[in-house]
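**Q** Okay, so here is start.cif, and as you'll see once you scroll down, it has mmCIF, C-alpha atoms; chains and numbers go by the auth columns.
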data_final
#
loop_
_atom_site.group_PDB
_atom_site.id
_atom_site.type_symbol
_atom_site.label_atom_id
_atom_site.label_comp_id
_atom_site.label_asym_id
_atom_site.label_seq_id
_atom_site.Cartn_x
_atom_site.Cartn_y
_atom_site.Cartn_z
_atom_site.B_iso_or_equiv
_atom_site.auth_seq_id
_atom_site.auth_asym_id
ATOM 1 C CA MET A 1 -7.365 -51.443 0.579 0.00 15 A
ATOM 2 C CA GLN A 2 -4.879 -53.069 2.935 0.00 16 A
ATOM 3 C CA LYS A 3 -1.882 -50.991 3.967 0.00 17 A
ATOM 4 C CA ASN A 4 1.675 -52.142 3.371 0.00 18 A
ATOM 5 C CA TYR A 5 3.818 -51.816 6.512 0.00 19 A
ATOM 6 C CA ARG A 6 7.574 -52.218 6.669 0.00 20 A
ATOM 7 C CA PRO A 7 8.704 -54.543 9.504 0.00 21 A
ATOM 8 C CA ASN A 8 10.912 -52.627 11.900 0.00 22 A
ATOM 9 C CA VAL A 9 12.519 -52.775 15.342 0.00 23 A
ATOM 10 C CA ALA A 10 12.866 -49.926 17.827 0.00 24 A
ATOM 11 C CA ALA A 11 14.894 -49.605 21.033 0.00 25 A
ATOM 12 C CA VAL A 12 14.064 -47.803 24.246 0.00 26 A
ATOM 13 C CA ILE A 13 17.588 -47.619 25.649 0.00 27 A
ATOM 14 C CA LEU A 14 18.238 -47.129 29.340 0.00 28 A
ATOM 15 C CA SER A 15 21.640 -45.803 30.408 0.00 29 A
ATOM 16 C CA SER A 16 24.143 -48.167 31.998 0.00 30 A
ATOM 17 C CA ALA A 17 23.378 -46.430 35.333 0.00 31 A
ATOM 18 C CA TYR A 18 19.919 -48.063 35.388 0.00 32 A
ATOM 19 C CA PRO A 19 18.254 -48.922 37.813 0.00 33 A
ATOM 20 C CA PHE A 20 20.031 -46.358 40.031 0.00 34 A
ATOM 21 C CA LYS A 21 19.347 -43.596 37.499 0.00 35 A
ATOM 22 C CA CYS A 22 16.420 -43.929 35.088 0.00 36 A
ATOM 23 C CA GLU A 23 17.446 -42.114 31.900 0.00 37 A
ATOM 24 C CA ILE A 24 16.490 -42.901 28.307 0.00 38 A
ATOM 25 C CA PHE A 25 18.588 -42.396 25.182 0.00 39 A
ATOM 26 C CA VAL A 26 17.345 -40.110 22.410 0.00 40 A
ATOM 27 C CA ALA A 27 19.256 -38.967 19.336 0.00 41 A
ATOM 28 C CA ARG A 28 18.875 -36.091 16.879 0.00 42 A
ATOM 29 C CA ARG A 29 18.396 -37.159 13.249 0.00 43 A
ATOM 30 C CA VAL A 30 20.851 -35.813 10.683 0.00 44 A
ATOM 31 C CA ASP A 31 18.232 -35.527 7.919 0.00 45 A
ATOM 32 C CA LEU A 32 15.430 -33.708 9.755 0.00 46 A
ATOM 33 C CA SER A 33 15.483 -30.415 11.608 0.00 47 A
ATOM 34 C CA ASP A 34 15.499 -30.863 15.392 0.00 48 A
ATOM 35 C CA VAL A 35 13.852 -34.310 15.382 0.00 49 A
ATOM 36 C CA TRP A 36 14.859 -36.507 18.318 0.00 50 A
ATOM 37 C CA GLN A 37 13.955 -40.179 18.369 0.00 51 A
ATOM 38 C CA PHE A 38 14.757 -43.680 19.592 0.00 52 A
ATOM 39 C CA PRO A 39 17.021 -45.823 17.393 0.00 53 A
ATOM 40 C CA GLN A 40 15.040 -47.973 14.976 0.00 54 A
ATOM 41 C CA GLY A 41 15.429 -49.750 11.678 0.00 55 A
ATOM 42 C CA GLY A 42 14.113 -52.262 9.216 0.00 56 A
ATOM 43 C CA ILE A 43 14.117 -56.014 9.621 0.00 57 A
ATOM 44 C CA ASP A 44 15.792 -57.809 6.723 0.00 58 A
ATOM 45 C CA LYS A 45 14.030 -60.733 5.042 0.00 59 A
ATOM 46 C CA GLY A 46 14.489 -63.859 7.179 0.00 60 A
ATOM 47 C CA GLU A 47 15.999 -61.902 10.082 0.00 61 A
ATOM 48 C CA GLU A 48 14.693 -62.348 13.625 0.00 62 A
ATOM 49 C CA PRO A 49 13.623 -59.129 15.411 0.00 63 A
ATOM 50 C CA LYS A 50 16.254 -59.502 18.180 0.00 64 A
ATOM 51 C CA ASP A 51 19.010 -59.956 15.584 0.00 65 A
ATOM 52 C CA ALA A 52 17.726 -56.920 13.671 0.00 66 A
ATOM 53 C CA LEU A 53 17.719 -54.917 16.912 0.00 67 A
ATOM 54 C CA LEU A 54 21.391 -55.648 17.618 0.00 68 A
ATOM 55 C CA ARG A 55 22.399 -55.000 13.996 0.00 69 A
ATOM 56 C CA GLU A 56 20.503 -51.712 13.862 0.00 70 A
ATOM 57 C CA LEU A 57 21.992 -50.521 17.164 0.00 71 A
ATOM 58 C CA GLU A 58 25.475 -51.200 15.855 0.00 72 A
ATOM 59 C CA GLU A 59 24.695 -49.453 12.540 0.00 73 A
ATOM 60 C CA GLU A 60 23.054 -46.407 14.171 0.00 74 A
ATOM 61 C CA ILE A 61 24.816 -45.872 17.499 0.00 75 A
ATOM 62 C CA GLY A 62 27.987 -47.910 17.060 0.00 76 A
ATOM 63 C CA THR A 63 27.354 -50.550 19.726 0.00 77 A
ATOM 64 C CA ARG A 64 25.448 -53.753 20.306 0.00 78 A
ATOM 65 C CA ASP A 65 26.588 -53.939 23.936 0.00 79 A
ATOM 66 C CA VAL A 66 23.105 -53.998 25.446 0.00 80 A
ATOM 67 C CA GLU A 67 21.113 -56.215 27.730 0.00 81 A
ATOM 68 C CA ILE A 68 17.565 -56.868 26.496 0.00 82 A
ATOM 69 C CA LEU A 69 15.268 -56.345 29.484 0.00 83 A
ATOM 70 C CA TYR A 70 11.853 -56.779 27.882 0.00 84 A
ATOM 71 C CA GLU A 71 10.045 -57.021 24.568 0.00 85 A
ATOM 72 C CA TYR A 72 6.750 -55.279 23.850 0.00 86 A
ATOM 73 C CA PRO A 73 4.344 -58.200 23.223 0.00 87 A
ATOM 74 C CA GLU A 74 2.680 -56.804 20.087 0.00 88 A
ATOM 75 C CA TRP A 75 3.658 -55.019 16.903 0.00 89 A
ATOM 76 C CA LEU A 76 2.880 -51.293 16.923 0.00 90 A
ATOM 77 C CA SER A 77 2.071 -49.726 13.556 0.00 91 A
ATOM 78 C CA TYR A 78 2.025 -46.173 12.297 0.00 92 A
ATOM 79 C CA ASP A 79 1.478 -44.473 8.958 0.00 93 A
ATOM 80 C CA PHE A 80 4.054 -42.197 7.384 0.00 94 A
ATOM 81 C CA PRO A 81 2.988 -38.569 7.068 0.00 95 A
ATOM 82 C CA ILE A 82 1.925 -37.640 3.530 0.00 96 A
ATOM 83 C CA ASN A 83 5.165 -35.743 2.870 0.00 97 A
ATOM 84 C CA ALA A 84 7.359 -38.711 3.936 0.00 98 A
ATOM 85 C CA LYS A 85 5.721 -41.492 1.921 0.00 99 A
ATOM 86 C CA LYS A 86 7.885 -41.014 -1.170 0.00 100 A
ATOM 87 C CA LYS A 87 11.002 -41.721 0.866 0.00 101 A
ATOM 88 C CA LEU A 88 10.082 -45.324 1.746 0.00 102 A
ATOM 89 C CA TYR A 89 7.893 -46.283 -1.186 0.00 103 A
ATOM 90 C CA PRO A 90 6.068 -48.739 -1.496 0.00 104 A
ATOM 91 C CA PHE A 91 5.355 -48.718 2.250 0.00 105 A
ATOM 92 C CA ASP A 92 2.473 -46.820 3.871 0.00 106 A
ATOM 93 C CA GLY A 93 4.118 -46.952 7.281 0.00 107 A
ATOM 94 C CA GLN A 94 5.974 -49.222 9.637 0.00 108 A
ATOM 95 C CA THR A 95 5.047 -51.965 12.055 0.00 109 A
ATOM 96 C CA GLN A 96 7.487 -52.042 14.931 0.00 110 A
ATOM 97 C CA LYS A 97 8.633 -54.460 17.594 0.00 111 A
ATOM 98 C CA TYR A 98 9.811 -52.443 20.615 0.00 112 A
ATOM 99 C CA PHE A 99 12.541 -53.611 22.952 0.00 113 A
ATOM 100 C CA LEU A 100 13.573 -52.172 26.303 0.00 114 A
ATOM 101 C CA VAL A 101 17.345 -52.477 26.614 0.00 115 A
ATOM 102 C CA ARG A 102 20.051 -51.290 29.002 0.00 116 A
ATOM 103 C CA LEU A 103 23.483 -50.252 27.818 0.00 117 A
ATOM 104 C CA LYS A 104 26.156 -52.452 29.351 0.00 118 A
ATOM 105 C CA SER A 105 28.712 -50.591 31.479 0.00 119 A
ATOM 106 C CA ASN A 106 31.425 -51.091 28.833 0.00 120 A
ATOM 107 C CA ALA A 107 29.236 -49.858 25.934 0.00 121 A
ATOM 108 C CA ARG A 108 30.513 -46.858 23.999 0.00 122 A
ATOM 109 C CA VAL A 109 28.041 -44.943 21.838 0.00 123 A
ATOM 110 C CA ASN A 110 29.594 -43.782 18.566 0.00 124 A
ATOM 111 C CA LEU A 111 27.412 -41.841 16.135 0.00 125 A
ATOM 112 C CA ASN A 112 30.226 -41.577 13.567 0.00 126 A
ATOM 113 C CA THR A 113 29.110 -44.759 11.816 0.00 127 A
ATOM 114 C CA LYS A 114 29.443 -45.827 8.166 0.00 128 A
ATOM 115 C CA HIS A 115 26.137 -44.089 7.306 0.00 129 A
ATOM 116 C CA PRO A 116 25.451 -41.646 10.181 0.00 130 A
ATOM 117 C CA GLU A 117 21.779 -41.231 11.032 0.00 131 A
ATOM 118 C CA PHE A 118 22.194 -39.089 14.158 0.00 132 A
ATOM 119 C CA SER A 119 24.216 -35.941 14.868 0.00 133 A
ATOM 120 C CA GLU A 120 24.034 -36.009 18.667 0.00 134 A
ATOM 121 C CA PHE A 121 22.523 -37.930 21.551 0.00 135 A
ATOM 122 C CA LYS A 122 21.563 -37.430 25.160 0.00 136 A
ATOM 123 C CA PHE A 123 20.033 -39.285 28.071 0.00 137 A
ATOM 124 C CA ILE A 124 16.817 -37.785 29.466 0.00 138 A
ATOM 125 C CA ASN A 125 15.042 -38.571 32.706 0.00 139 A
ATOM 126 C CA VAL A 126 12.210 -40.973 31.916 0.00 140 A
ATOM 127 C CA LYS A 127 9.669 -38.443 33.249 0.00 141 A
ATOM 128 C CA ASN A 128 10.756 -35.882 30.635 0.00 142 A
ATOM 129 C CA VAL A 129 11.654 -38.053 27.657 0.00 143 A
ATOM 130 C CA LEU A 130 8.497 -37.235 25.689 0.00 144 A
ATOM 131 C CA ASP A 131 8.932 -33.463 26.084 0.00 145 A
ATOM 132 C CA GLY A 132 11.378 -33.285 23.181 0.00 146 A
ATOM 133 C CA ILE A 133 9.488 -35.702 20.927 0.00 147 A
ATOM 134 C CA ASN A 134 7.363 -33.635 18.552 0.00 148 A
ATOM 135 C CA HIS A 135 6.807 -35.906 15.574 0.00 149 A
ATOM 136 C CA PHE A 136 4.222 -38.367 14.318 0.00 150 A
ATOM 137 C CA LYS A 137 5.754 -41.295 16.276 0.00 151 A
ATOM 138 C CA LYS A 138 4.885 -39.765 19.662 0.00 152 A
ATOM 139 C CA PRO A 139 1.657 -41.818 20.162 0.00 153 A
ATOM 140 C CA ILE A 140 3.643 -45.040 19.619 0.00 154 A
ATOM 141 C CA TYR A 141 6.349 -43.835 22.034 0.00 155 A
ATOM 142 C CA ILE A 142 3.649 -43.158 24.638 0.00 156 A
ATOM 143 C CA LYS A 143 2.255 -46.699 24.214 0.00 157 A
ATOM 144 C CA ALA A 144 5.666 -48.370 24.505 0.00 158 A
ATOM 145 C CA LEU A 145 6.850 -46.259 27.456 0.00 159 A
ATOM 146 C CA SER A 146 3.521 -46.684 29.288 0.00 160 A
ATOM 147 C CA PHE A 147 3.728 -50.457 28.844 0.00 161 A
ATOM 148 C CA PHE A 148 7.292 -50.659 30.194 0.00 162 A
ATOM 149 C CA LYS A 149 6.260 -48.417 33.101 0.00 163 A
ATOM 150 C CA GLU A 150 3.289 -50.712 33.893 0.00 164 A
ATOM 151 C CA LYS A 151 5.737 -53.634 33.934 0.00 165 A
ATOM 152 C CA GLY A 152 7.672 -51.823 36.665 0.00 166 A
ATOM 153 C CA PHE A 153 10.789 -50.777 34.787 0.00 167 A
ATOM 154 C CA PHE A 154 10.393 -47.040 35.510 0.00 168 A
#
Could you take the file, read its structure, and then write that structure out as structure tokens?
**A**
Amino acid sequence: MQKNYRPNVAAVILSSAYPFKCEIFVARRVDLSDVWQFPQGGIDKGEEPKDALLRELEEEIGTRDVEILYEYPEWLSYDFPINAKKKLYPFDGQTQKYFLVRLKSNARVNLNTKHPEFSEFKFINVKNVLDGINHFKKPIYIKALSFFKEKGFF
């Protein structure tokens, strides 16, 4: 049986101090206990991934003032844990297009959006960013971060 994946975009966000300081944005979800993650969200029907990325960033962190540095060349898929499947029925998981972006110097992060998804955010040194990630998306995060590192961004 073929799995049904929801198309999605995800952003690895570098601070505006990059490349002088290599820190990555993570935010704590409002609906899960102590879960930190990268911003991500669904792609609407007929929407291009880059357009979805900018829309989702504005919806989740209150800004689209980013510079897209690189796009992961493939889609990365993961399955929802058993206890999360009901939430996004009829999907079995998500297939994601990852983007590496840098906040522009004038960008202002605002988590108090129309439908807040995050309660707080922080920038973590790229070497330590995975330390606080303890959920089922960690293998995908490792793939994306390793790829961007191989490309010379960190």
**Q** Take CA of Leu117 (chain A) and CA of Asp79 (chain A) and report the distance between them in Å, one decimal.
**A**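 Calculated distance between CA of Leu117 (chain A) and CA of Asp79 (chain A) is 6.2 Å.
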**Q** Could you check which residues have any atom within 10 Å of (12.5, -46.7, 22.0), counting all atoms listed in the file with coordinates taken straight from the file, and then list them as a ChimeraX atom specification?
**A** /A:23-28,38-40,51-54,111-115,154-156,158-159
**Q** Check what the PyMOL selection byres ((chain A and resi 67) around 9) selects in the file above and give those residues as a list in words.
**A**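 Matching residues under the PyMOL selection byres ((chain A and resi 67) around 9) are Asn22, Val23, Ala24, Ala25, Gln54, Gly55, Gly56, Ile57, Glu62, Pro63, Lys64, Asp65, Ala66, Leu68, Arg69, Glu70, Leu71, Glu72, Arg78 and Phe113 of chain A.
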**Q** With the file shown as input, list the residues that the PyMOL selection byres ((chain A and resi 41) around 12) selects, as a VMD selection string.
**A** chain A and resid 25 to 27 38 to 40 42 to 46 48 to 54 74 to 75 123 to 125 130 to 138 143 146 to 147
**Q** Using all atoms listed in the file, which of the listed residues (A:Ile82, A:Ala31, A:Ala121, A:Cys36) sits closest to Gly166 (chain A)?
**A**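 Result for the nearest residue to Gly166 (chain A): A:Cys36.
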**Q** Ranking A:Tyr86, A:Tyr103, A:Tyr32, A:Tyr92 by minimum distance to Phe168 (chain A) and counting only C-alpha atoms, which one comes first?
**A**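 Residue with the minimum atom-to-atom distance to Phe168 (chain A): A:Tyr32.
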**Q** Which distance in Å separates CA of Lys17 (chain A) and CA of Gly107 (chain A), to one decimal?
**A**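 According to the coordinates, CA of Lys17 (chain A) and CA of Gly107 (chain A) are separated by 8.0 Å.
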